[in-house]
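J.: Input file: work_0.pdb. Contents: PDB, C-alpha atoms.
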ATOM      1  CA  MET A  64       3.123 -18.856 -21.744  1.00  0.00           C
ATOM      2  CA  SER A  65       0.600 -16.066 -21.325  1.00  0.00           C
ATOM      3  CA  SER A  66       0.660 -13.076 -23.624  1.00  0.00           C
ATOM      4  CA  ALA A  67      -0.632 -10.824 -20.833  1.00  0.00           C
ATOM      5  CA  ALA A  68       2.059  -8.523 -19.479  1.00  0.00           C
ATOM      6  CA  ALA A  69       2.662  -8.310 -15.745  1.00  0.00           C
ATOM      7  CA  PRO A  70       1.374  -5.057 -14.237  1.00  0.00           C
ATOM      8  CA  ASP A  71       3.874  -2.226 -14.104  1.00  0.00           C
ATOM      9  CA  PRO A  72       4.970  -1.910 -10.427  1.00  0.00           C
ATOM     10  CA  GLY A  73       4.528   1.849 -10.727  1.00  0.00           C
ATOM     11  CA  GLU A  74       0.987   1.464 -12.051  1.00  0.00           C
ATOM     12  CA  MET A  75      -1.801   2.183  -9.567  1.00  0.00           C
ATOM     13  CA  GLN A  76      -3.549  -1.048  -8.550  1.00  0.00           C
ATOM     14  CA  GLU A  77      -6.387   0.442  -6.471  1.00  0.00           C
ATOM     15  CA  LEU A  78      -7.718   3.765  -5.263  1.00  0.00           C
ATOM     16  CA  GLU A  79      -7.248   4.717  -1.616  1.00  0.00           C
ATOM     17  CA  PHE A  80      -7.740   7.946   0.294  1.00  0.00           C
ATOM     18  CA  THR A  81      -7.208   9.285   3.805  1.00  0.00           C
ATOM     19  CA  VAL A  82      -9.035  12.121   5.545  1.00  0.00           C
ATOM     20  CA  PHE A  83      -8.142  13.426   8.987  1.00  0.00           C
ATOM     21  CA  GLY A  84      -9.024  15.958  11.622  1.00  0.00           C
ATOM     22  CA  PHE A  85      -8.466  16.841  15.269  1.00  0.00           C
ATOM     23  CA  ILE A  86     -11.106  16.601  17.982  1.00  0.00           C
ATOM     24  CA  ALA A  87     -10.683  18.237  21.391  1.00  0.00           C
ATOM     25  CA  LYS A  88     -11.520  15.077  23.344  1.00  0.00           C
ATOM     26  CA  PRO A  89      -9.324  12.195  24.552  1.00  0.00           C
ATOM     27  CA  PRO A  90      -8.855   9.141  22.285  1.00  0.00           C
ATOM     28  CA  ALA A  91     -11.056   6.823  24.387  1.00  0.00           C
ATOM     29  CA  GLU A  92     -14.031   9.192  24.052  1.00  0.00           C
ATOM     30  CA  VAL A  93     -13.510   9.673  20.310  1.00  0.00           C
ATOM     31  CA  TYR A  94     -13.099   5.905  19.802  1.00  0.00           C
ATOM     32  CA  GLU A  95     -16.457   5.358  21.542  1.00  0.00           C
ATOM     33  CA  ALA A  96     -18.103   7.835  19.160  1.00  0.00           C
ATOM     34  CA  VAL A  97     -17.467   5.268  16.395  1.00  0.00           C
ATOM     35  CA  ALA A  98     -17.729   2.010  18.372  1.00  0.00           C
ATOM     36  CA  ASP A  99     -20.934   2.777  20.323  1.00  0.00           C
ATOM     37  CA  PRO A 100     -24.035   2.657  18.072  1.00  0.00           C
ATOM     38  CA  GLY A 101     -25.969   5.001  20.370  1.00  0.00           C
ATOM     39  CA  ILE A 102     -23.382   7.759  20.007  1.00  0.00           C
ATOM     40  CA  LEU A 103     -22.810   7.095  16.278  1.00  0.00           C
ATOM     41  CA  SER A 104     -26.569   7.445  15.689  1.00  0.00           C
ATOM     42  CA  ARG A 105     -26.582  10.908  17.250  1.00  0.00           C
ATOM     43  CA  TYR A 106     -24.252  12.528  14.748  1.00  0.00           C
ATOM     44  CA  PHE A 107     -23.556  10.248  11.740  1.00  0.00           C
ATOM     45  CA  THR A 108     -25.922   7.396  10.874  1.00  0.00           C
ATOM     46  CA  THR A 109     -29.009   9.499  10.195  1.00  0.00           C
ATOM     47  CA  GLY A 110     -31.150   6.345  10.017  1.00  0.00           C
ATOM     48  CA  GLY A 111     -29.541   4.809  13.114  1.00  0.00           C
ATOM     49  CA  ALA A 112     -26.921   2.202  13.951  1.00  0.00           C
ATOM     50  CA  SER A 113     -27.135  -1.104  15.773  1.00  0.00           C
ATOM     51  CA  GLY A 114     -24.429  -3.317  17.219  1.00  0.00           C
ATOM     52  CA  ARG A 115     -21.198  -2.321  18.918  1.00  0.00           C
ATOM     53  CA  ALA A 116     -18.039  -2.267  16.788  1.00  0.00           C
ATOM     54  CA  GLU A 117     -16.137  -5.261  18.208  1.00  0.00           C
ATOM     55  CA  THR A 118     -13.761  -7.581  16.366  1.00  0.00           C
ATOM     56  CA  GLY A 119     -15.722 -10.163  14.393  1.00  0.00           C
ATOM     57  CA  ALA A 120     -19.099  -8.441  14.731  1.00  0.00           C
ATOM     58  CA  THR A 121     -21.334  -7.384  11.873  1.00  0.00           C
ATOM     59  CA  VAL A 122     -23.172  -4.186  12.749  1.00  0.00           C
ATOM     60  CA  GLN A 123     -25.795  -2.208  10.821  1.00  0.00           C
ATOM     61  CA  TRP A 124     -25.560   1.429   9.742  1.00  0.00           C
ATOM     62  CA  ASP A 125     -28.511   3.210   8.146  1.00  0.00           C
ATOM     63  CA  PHE A 126     -28.454   6.604   6.409  1.00  0.00           C
ATOM     64  CA  ALA A 127     -31.393   8.791   5.365  1.00  0.00           C
ATOM     65  CA  ASP A 128     -29.580   9.690   2.123  1.00  0.00           C
ATOM     66  CA  PHE A 129     -29.002   5.981   1.258  1.00  0.00           C
ATOM     67  CA  PRO A 130     -32.044   4.240   2.786  1.00  0.00           C
ATOM     68  CA  GLY A 131     -31.682   0.663   3.904  1.00  0.00           C
ATOM     69  CA  ALA A 132     -29.288  -0.522   6.584  1.00  0.00           C
ATOM     70  CA  PHE A 133     -25.768  -1.418   5.474  1.00  0.00           C
ATOM     71  CA  PRO A 134     -24.059  -4.412   7.051  1.00  0.00           C
ATOM     72  CA  VAL A 135     -20.635  -3.357   8.339  1.00  0.00           C
ATOM     73  CA  GLU A 136     -18.154  -6.116   9.178  1.00  0.00           C
ATOM     74  CA  VAL A 137     -15.764  -5.228  12.011  1.00  0.00           C
ATOM     75  CA  LEU A 138     -12.412  -6.732  11.039  1.00  0.00           C
ATOM     76  CA  SER A 139     -10.554  -5.358  14.056  1.00  0.00           C
ATOM     77  CA  ALA A 140     -11.357  -3.216  17.075  1.00  0.00           C
ATOM     78  CA  GLU A 141      -8.486  -2.187  19.346  1.00  0.00           C
ATOM     79  CA  PRO A 142      -9.734   0.350  21.921  1.00  0.00           C
ATOM     80  CA  PRO A 143      -8.901   3.216  21.995  1.00  0.00           C
ATOM     81  CA  GLU A 144      -6.535   3.180  19.017  1.00  0.00           C
ATOM     82  CA  ARG A 145      -8.037   1.603  15.911  1.00  0.00           C
ATOM     83  CA  ILE A 146     -11.168   0.206  14.260  1.00  0.00           C
ATOM     84  CA  VAL A 147     -11.024  -1.515  10.862  1.00  0.00           C
ATOM     85  CA  LEU A 148     -14.266  -2.183   8.970  1.00  0.00           C
ATOM     86  CA  ARG A 149     -15.346  -3.668   5.670  1.00  0.00           C
ATOM     87  CA  TRP A 150     -18.547  -2.603   4.020  1.00  0.00           C
ATOM     88  CA  GLY A 151     -20.122  -3.257   0.683  1.00  0.00           C
ATOM     89  CA  GLY A 152     -19.644  -1.425  -2.525  1.00  0.00           C
ATOM     90  CA  GLU A 153     -20.677  -2.000  -6.088  1.00  0.00           C
ATOM     91  CA  PRO A 154     -18.763  -5.102  -7.284  1.00  0.00           C
ATOM     92  CA  GLU A 155     -17.725  -3.345 -10.500  1.00  0.00           C
ATOM     93  CA  ALA A 156     -16.272  -0.470  -8.420  1.00  0.00           C
ATOM     94  CA  THR A 157     -14.407  -2.409  -5.725  1.00  0.00           C
ATOM     95  CA  VAL A 158     -11.332  -4.620  -5.926  1.00  0.00           C
ATOM     96  CA  ASP A 159     -12.756  -7.023  -3.330  1.00  0.00           C
ATOM     97  CA  PRO A 160     -16.339  -8.207  -4.021  1.00  0.00           C
ATOM     98  CA  ARG A 161     -17.021  -8.015  -0.262  1.00  0.00           C
ATOM     99  CA  GLY A 162     -16.461  -4.245  -0.339  1.00  0.00           C
ATOM    100  CA  THR A 163     -13.931  -1.670   0.775  1.00  0.00           C
ATOM    101  CA  GLU A 164     -11.826  -1.588   3.915  1.00  0.00           C
ATOM    102  CA  VAL A 165     -12.057   1.437   6.210  1.00  0.00           C
ATOM    103  CA  ALA A 166      -9.500   2.039   8.977  1.00  0.00           C
ATOM    104  CA  PHE A 167     -10.069   4.561  11.768  1.00  0.00           C
ATOM    105  CA  VAL A 168      -6.893   5.447  13.685  1.00  0.00           C
ATOM    106  CA  PHE A 169      -7.196   7.484  16.901  1.00  0.00           C
ATOM    107  CA  THR A 170      -3.970   9.130  18.099  1.00  0.00           C
ATOM    108  CA  GLY A 171      -3.729  11.199  21.252  1.00  0.00           C
ATOM    109  CA  VAL A 172      -2.046  14.589  20.926  1.00  0.00           C
ATOM    110  CA  ASP A 173      -1.450  17.428  23.397  1.00  0.00           C
ATOM    111  CA  ALA A 174      -0.901  15.008  26.301  1.00  0.00           C
ATOM    112  CA  GLY A 175      -4.019  13.068  25.282  1.00  0.00           C
ATOM    113  CA  SER A 176      -6.422  16.001  25.593  1.00  0.00           C
ATOM    114  CA  ARG A 177      -7.064  15.969  21.827  1.00  0.00           C
ATOM    115  CA  THR A 178      -7.300  13.205  19.250  1.00  0.00           C
ATOM    116  CA  GLU A 179      -6.135  13.071  15.678  1.00  0.00           C
ATOM    117  CA  VAL A 180      -8.589  10.900  13.736  1.00  0.00           C
ATOM    118  CA  ARG A 181      -7.427   9.400  10.430  1.00  0.00           C
ATOM    119  CA  ILE A 182      -9.876   7.539   8.212  1.00  0.00           C
ATOM    120  CA  THR A 183      -8.439   5.576   5.301  1.00  0.00           C
ATOM    121  CA  GLU A 184     -10.621   3.745   2.800  1.00  0.00           C
ATOM    122  CA  ARG A 185      -9.083   1.407   0.248  1.00  0.00           C
ATOM    123  CA  ALA A 186      -9.902  -1.206  -2.381  1.00  0.00           C
ATOM    124  CA  TRP A 187     -11.613   0.897  -5.037  1.00  0.00           C
ATOM    125  CA  ARG A 188     -10.960  -0.125  -8.640  1.00  0.00           C
ATOM    126  CA  VAL A 189      -8.996   2.256 -10.850  1.00  0.00           C
ATOM    127  CA  THR A 190     -12.039   2.854 -13.065  1.00  0.00           C
ATOM    128  CA  ALA A 191     -14.613   5.591 -13.524  1.00  0.00           C
ATOM    129  CA  GLY A 192     -17.006   3.694 -11.203  1.00  0.00           C
ATOM    130  CA  GLY A 193     -14.262   3.170  -8.626  1.00  0.00           C
ATOM    131  CA  ALA A 194     -13.333   6.847  -8.716  1.00  0.00           C
ATOM    132  CA  GLN A 195     -16.983   7.879  -8.343  1.00  0.00           C
ATOM    133  CA  GLY A 196     -17.361   5.585  -5.302  1.00  0.00           C
ATOM    134  CA  ALA A 197     -14.095   6.734  -3.735  1.00  0.00           C
ATOM    135  CA  PHE A 198     -14.832  10.438  -4.261  1.00  0.00           C
ATOM    136  CA  GLY A 199     -18.341  10.050  -2.830  1.00  0.00           C
ATOM    137  CA  ASN A 200     -17.094   8.203   0.237  1.00  0.00           C
ATOM    138  CA  CYS A 201     -14.253  10.687   0.693  1.00  0.00           C
ATOM    139  CA  MET A 202     -16.918  13.387   0.957  1.00  0.00           C
ATOM    140  CA  GLY A 203     -18.880  11.192   3.361  1.00  0.00           C
ATOM    141  CA  TRP A 204     -15.965  10.498   5.708  1.00  0.00           C
ATOM    142  CA  SER A 205     -14.954  14.177   5.679  1.00  0.00           C
ATOM    143  CA  GLY A 206     -18.528  15.033   6.640  1.00  0.00           C
ATOM    144  CA  MET A 207     -18.447  12.388   9.363  1.00  0.00           C
ATOM    145  CA  LEU A 208     -15.299  13.922  10.893  1.00  0.00           C
ATOM    146  CA  ALA A 209     -16.845  17.403  10.902  1.00  0.00           C
ATOM    147  CA  ALA A 210     -20.081  16.036  12.390  1.00  0.00           C
ATOM    148  CA  MET A 211     -18.175  14.050  15.034  1.00  0.00           C
ATOM    149  CA  LYS A 212     -16.206  17.141  16.051  1.00  0.00           C
ATOM    150  CA  ALA A 213     -19.329  19.308  16.298  1.00  0.00           C
ATOM    151  CA  TRP A 214     -21.165  16.634  18.304  1.00  0.00           C
ATOM    152  CA  LEU A 215     -18.385  15.731  20.725  1.00  0.00           C
ATOM    153  CA  GLU A 216     -17.141  19.259  21.323  1.00  0.00           C
ATOM    154  CA  HIS A 217     -20.412  21.224  21.192  1.00  0.00           C
ATOM    155  CA  GLY A 218     -23.382  18.814  21.199  1.00  0.00           C
ATOM    156  CA  ILE A 219     -24.457  20.027  17.741  1.00  0.00           C
ATOM    157  CA  ASN A 220     -25.785  17.578  15.138  1.00  0.00           C
ATOM    158  CA  LEU A 221     -24.563  18.915  11.789  1.00  0.00           C
ATOM    159  CA  ARG A 222     -26.340  16.213   9.781  1.00  0.00           C
ATOM    160  CA  GLU A 223     -29.838  16.981  11.090  1.00  0.00           C
ATOM    161  CA  GLY A 224     -31.831  17.881   7.985  1.00  0.00           C
ATOM    162  CA  PHE A 225     -28.690  17.941   5.820  1.00  0.00           C
ATOM    163  CA  TYR A 226     -29.717  15.014   3.600  1.00  0.00           C
ATOM    164  CA  ARG A 227     -33.497  15.210   3.616  1.00  0.00           C
TER     165      ARG A 227
END
Translate the structure described by the file into structure tokens.
T.:
Amino acid sequence: MSSAAAPDPGEMQELEFTVFGFIAKPPAEVYEAVADPGILSRYFTTGGASGRAETGATVQWDFADFPGAFPVEVLSAEPPERIVLRWGGEPEATVDPRGTEVAFVFTGVDAGSRTEVRITERAWRVTAGGAQGAFGNCMGWSGMLAAMKAWLEHGINLREGFYR
């Protein structure tokens, strides 16, 4: 018999957050802004992106503020409704050594003329390192939503010069 107590069901097992926003474009167009590396590179991946987000693919995202391309595993891509990714994190900060899971959900509103975008990232450890990673990525995904809105609605790249 083990002396270790079972975790309290009310005790937090991992850190997770959701950010959201509304973009005045239909869901299919907003979905493509994440799935298509050419569009994603215009407003988010300041160092570029390669590979289309399709189920089972591993694509590359590069950022000027974190140089070096990140491999991003596409767990699920269901146009125009949902994309689920996994990307690396520091092993001591993430529950899964392969990284965190990020779900993008695209929901049409106002008869499909606008899209609610929800981004949820999960699998951060309940530790100081996990909190630091989660808070940093929460800022990053919030910035991505603002940049996506500015790009899709107005053709403005908010990230140009923002990180360098």
J.: The PyMOL selection byres ((chain A and resi 213-216) around 8) on the file shown: which residues, as a count of residues only?
T.: 15
J.: Grab the CA of Pro154 in chain A to CA of Ala112 in chain A distance for me, in Å with one decimal place.
T.: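 So the answer is 23.9 Å.
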J.: Would you work out the distance separating CA of Ala127 in chain A from CA of Ser104 in chain A, expressed in Å to one decimal?
T.: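 The value is 11.5 Å.
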J.: If the PyMOL selection byres ((chain A and resi 165) around 9) is run on the structure shown, which residues does it catch, given as a CSV table (one decimal) with C-alpha atoms, in the coordinates of the input?
T.:
chain,number,residue,atom,x,y,z
A,146,ILE,CA,-11.2,0.2,14.3
A,147,VAL,CA,-11.0,-1.5,10.9
A,148,LEU,CA,-14.3,-2.2,9.0
A,149,ARG,CA,-15.3,-3.7,5.7
A,150,TRP,CA,-18.5,-2.6,4.0
A,163,THR,CA,-13.9,-1.7,0.8
A,164,GLU,CA,-11.8,-1.6,3.9
A,166,ALA,CA,-9.5,2.0,9.0
A,167,PHE,CA,-10.1,4.6,11.8
A,182,ILE,CA,-9.9,7.5,8.2
A,183,THR,CA,-8.4,5.6,5.3
A,184,GLU,CA,-10.6,3.7,2.8
A,185,ARG,CA,-9.1,1.4,0.2
J.: What gap, in Å, lies between CA of Thr190 in chain A and CA of Gly152 in chain A?
T.: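 About the pair CA of Thr190 in chain A and CA of Gly152 in chain A: they are 13.7 Å apart.
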J.: If the PyMOL selection byres ((chain A and resi 101) around 12) is run on the structure shown, which residues does it catch, given as a list in words?
T.: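 Residues picked by the PyMOL selection byres ((chain A and resi 101) around 12): Glu95, Ala96, Val97, Ala98, Asp99, Pro100, Ile102, Leu103, Ser104, Arg105, Tyr106, Phe107, Thr108, Thr109, Gly110, Gly111, Ala112, Ser113, Gly114, Arg115, Ala116, Gln123 and Trp124 of chain A.
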J.: Considering only C-alpha atoms, return as number ranges by chain whatever protein or nucleic-acid residues lie within 8 Å of Ser205 in chain A, sequence-local ones (same chain, fewer than 3 positions apart) excluded.
T.: A: 82-83, 201-202, 208-209
J.: Of the candidates A:Met207, A:Ala120, A:Ala140, A:Ala186, which shows the shortest atom-to-atom distance to Gln76 in chain A, using only C-alpha atoms?
T.: A:Ala186
J.: Would you be able to write out as a list in words which residues have an atom within 10 Å of (-16.6, -1.8, -5.6) in the file's coordinates, counting all atoms listed in the file?
T.: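 Residues lying no farther than 10 Å from the given point: Trp150, Gly151, Gly152, Glu153, Pro154, Glu155, Ala156, Thr157, Val158, Asp159, Pro160, Arg161, Gly162, Thr163, Ala186, Trp187, Arg188, Thr190, Gly192, Gly193, Ala194, Gly196 and Ala197 of chain A.
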J.: Find, counting only C-alpha atoms, the residue in A:Phe126, A:Phe133, A:Tyr94, A:Phe198 that gets nearest to Phe80 in chain A.
T.: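 The shortest atom-to-atom distance to Phe80 in chain A comes from A:Phe198.
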J.: Nearest to Gln195 in chain A: which of A:Val168, A:Leu78, A:Val137, A:Arg145 is it, counting only C-alpha atoms?
T.: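 Among A:Val168, A:Leu78, A:Val137, A:Arg145, it is A:Leu78 that comes nearest to Gln195 in chain A.
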J.: Which residue out of A:Arg227, A:Leu138, A:Gly131, A:Val172 has the minimum interatomic distance to Pro90 in chain A when all atoms listed in the file are used?
T.: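 Closest to Pro90 in chain A of all the choices is A:Val172.
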J.: With distances taken over all atoms listed in the file, which residue among A:Ala174, A:Ala132, A:Val180, A:Val122 lies nearest Thr81 in chain A?
T.: A:Val180
J.: Need to verify the contact set: Pro89 in chain A, 6 Å, all atoms listed in the file, exclusion of same-chain residues closer than 2 positions in sequence. Can you return it as a list of chain:residue names?
T.: A:Ala91, A:Glu92, A:Gly175, A:Ser176, A:Arg177, A:Thr178
J.: Quick one: of A:Gly224, A:Val189, A:Glu141, A:Gly206, who's nearest to Glu79 in chain A, counting all atoms listed in the file?
T.: A:Val189
J.: Show me that you can extract range 131-214 of chain A, keeping C-alpha atoms, and write it as a PDB file, in the first residue's frame.
T.:
ATOM      1  CA  GLY A 131      14.307  29.404 -34.365  1.00  0.00           C
ATOM      2  CA  ALA A 132      11.353  27.673 -35.978  1.00  0.00           C
ATOM      3  CA  PHE A 133       8.999  25.780 -33.675  1.00  0.00           C
ATOM      4  CA  PRO A 134       7.558  22.477 -34.848  1.00  0.00           C
ATOM      5  CA  VAL A 135       3.772  22.557 -34.447  1.00  0.00           C
ATOM      6  CA  GLU A 136       1.925  19.235 -34.605  1.00  0.00           C
ATOM      7  CA  VAL A 137      -1.595  19.498 -36.044  1.00  0.00           C
ATOM      8  CA  LEU A 138      -3.715  17.074 -34.026  1.00  0.00           C
ATOM      9  CA  SER A 139      -6.972  17.960 -35.774  1.00  0.00           C
ATOM     10  CA  ALA A 140      -8.106  20.337 -38.496  1.00  0.00           C
ATOM     11  CA  GLU A 141     -11.833  20.581 -39.211  1.00  0.00           C
ATOM     12  CA  PRO A 142     -12.485  23.448 -41.655  1.00  0.00           C
ATOM     13  CA  PRO A 143     -13.934  25.961 -40.948  1.00  0.00           C
ATOM     14  CA  GLU A 144     -14.684  25.160 -37.307  1.00  0.00           C
ATOM     15  CA  ARG A 145     -11.649  23.975 -35.363  1.00  0.00           C
ATOM     16  CA  ILE A 146      -7.876  23.473 -35.369  1.00  0.00           C
ATOM     17  CA  VAL A 147      -6.107  21.674 -32.512  1.00  0.00           C
ATOM     18  CA  LEU A 148      -2.311  21.894 -32.234  1.00  0.00           C
ATOM     19  CA  ARG A 149       0.421  20.672 -29.930  1.00  0.00           C
ATOM     20  CA  TRP A 150       3.656  22.548 -29.593  1.00  0.00           C
ATOM     21  CA  GLY A 151       6.631  22.263 -27.332  1.00  0.00           C
ATOM     22  CA  GLY A 152       7.166  23.780 -23.973  1.00  0.00           C
ATOM     23  CA  GLU A 153       9.751  23.409 -21.275  1.00  0.00           C
ATOM     24  CA  PRO A 154       9.363  19.854 -19.886  1.00  0.00           C
ATOM     25  CA  GLU A 155       9.435  21.141 -16.301  1.00  0.00           C
ATOM     26  CA  ALA A 156       6.573  23.550 -17.145  1.00  0.00           C
ATOM     27  CA  THR A 157       4.254  21.249 -19.100  1.00  0.00           C
ATOM     28  CA  VAL A 158       2.210  18.250 -17.996  1.00  0.00           C
ATOM     29  CA  ASP A 159       2.900  16.435 -21.278  1.00  0.00           C
ATOM     30  CA  PRO A 160       6.594  16.295 -22.300  1.00  0.00           C
ATOM     31  CA  ARG A 161       5.505  16.792 -25.933  1.00  0.00           C
ATOM     32  CA  GLY A 162       4.139  20.244 -25.065  1.00  0.00           C
ATOM     33  CA  THR A 163       0.836  22.029 -24.645  1.00  0.00           C
ATOM     34  CA  GLU A 164      -2.374  21.610 -26.598  1.00  0.00           C
ATOM     35  CA  VAL A 165      -3.904  24.648 -28.300  1.00  0.00           C
ATOM     36  CA  ALA A 166      -7.471  24.588 -29.655  1.00  0.00           C
ATOM     37  CA  PHE A 167      -8.803  27.255 -32.019  1.00  0.00           C
ATOM     38  CA  VAL A 168     -12.605  27.264 -32.311  1.00  0.00           C
ATOM     39  CA  PHE A 169     -14.233  29.405 -35.022  1.00  0.00           C
ATOM     40  CA  THR A 170     -17.951  30.104 -34.532  1.00  0.00           C
ATOM     41  CA  GLY A 171     -20.033  32.119 -36.960  1.00  0.00           C
ATOM     42  CA  VAL A 172     -22.172  34.880 -35.466  1.00  0.00           C
ATOM     43  CA  ASP A 173     -24.452  37.511 -37.017  1.00  0.00           C
ATOM     44  CA  ALA A 174     -25.603  35.128 -39.772  1.00  0.00           C
ATOM     45  CA  GLY A 175     -21.986  34.121 -40.423  1.00  0.00           C
ATOM     46  CA  SER A 176     -20.748  37.624 -41.242  1.00  0.00           C
ATOM     47  CA  ARG A 177     -18.547  37.655 -38.120  1.00  0.00           C
ATOM     48  CA  THR A 178     -16.552  34.991 -36.315  1.00  0.00           C
ATOM     49  CA  GLU A 179     -15.977  34.418 -32.643  1.00  0.00           C
ATOM     50  CA  VAL A 180     -12.478  32.973 -32.227  1.00  0.00           C
ATOM     51  CA  ARG A 181     -11.685  31.100 -29.003  1.00  0.00           C
ATOM     52  CA  ILE A 182      -8.146  29.940 -28.289  1.00  0.00           C
ATOM     53  CA  THR A 183      -7.651  27.559 -25.378  1.00  0.00           C
ATOM     54  CA  GLU A 184      -4.227  26.344 -24.296  1.00  0.00           C
ATOM     55  CA  ARG A 185      -3.885  23.586 -21.724  1.00  0.00           C
ATOM     56  CA  ALA A 186      -1.398  21.230 -20.086  1.00  0.00           C
ATOM     57  CA  TRP A 187       0.730  23.645 -18.078  1.00  0.00           C
ATOM     58  CA  ARG A 188       1.977  22.367 -14.723  1.00  0.00           C
ATOM     59  CA  VAL A 189       0.657  24.020 -11.571  1.00  0.00           C
ATOM     60  CA  THR A 190       4.115  25.387 -10.731  1.00  0.00           C
ATOM     61  CA  ALA A 191       5.883  28.725 -10.957  1.00  0.00           C
ATOM     62  CA  GLY A 192       7.410  27.661 -14.311  1.00  0.00           C
ATOM     63  CA  GLY A 193       4.037  26.462 -15.588  1.00  0.00           C
ATOM     64  CA  ALA A 194       2.379  29.719 -14.571  1.00  0.00           C
ATOM     65  CA  GLN A 195       5.132  31.756 -16.244  1.00  0.00           C
ATOM     66  CA  GLY A 196       4.695  29.762 -19.481  1.00  0.00           C
ATOM     67  CA  ALA A 197       0.902  29.985 -19.383  1.00  0.00           C
ATOM     68  CA  PHE A 198       0.872  33.728 -18.651  1.00  0.00           C
ATOM     69  CA  GLY A 199       3.387  34.398 -21.433  1.00  0.00           C
ATOM     70  CA  ASN A 200       1.420  32.372 -23.962  1.00  0.00           C
ATOM     71  CA  CYS A 201      -1.844  33.961 -22.836  1.00  0.00           C
ATOM     72  CA  MET A 202      -0.302  37.312 -23.755  1.00  0.00           C
ATOM     73  CA  GLY A 203       0.887  35.843 -27.052  1.00  0.00           C
ATOM     74  CA  TRP A 204      -2.493  34.425 -28.078  1.00  0.00           C
ATOM     75  CA  SER A 205      -4.249  37.663 -27.083  1.00  0.00           C
ATOM     76  CA  GLY A 206      -1.775  39.528 -29.280  1.00  0.00           C
ATOM     77  CA  MET A 207      -2.388  37.057 -32.097  1.00  0.00           C
ATOM     78  CA  LEU A 208      -6.155  37.683 -31.955  1.00  0.00           C
ATOM     79  CA  ALA A 209      -5.662  41.457 -32.070  1.00  0.00           C
ATOM     80  CA  ALA A 210      -3.170  41.113 -34.938  1.00  0.00           C
ATOM     81  CA  MET A 211      -5.491  38.753 -36.839  1.00  0.00           C
ATOM     82  CA  LYS A 212      -8.391  41.189 -36.483  1.00  0.00           C
ATOM     83  CA  ALA A 213      -6.315  44.160 -37.654  1.00  0.00           C
ATOM     84  CA  TRP A 214      -4.946  42.183 -40.613  1.00  0.00           C
TER      85      TRP A 214
END
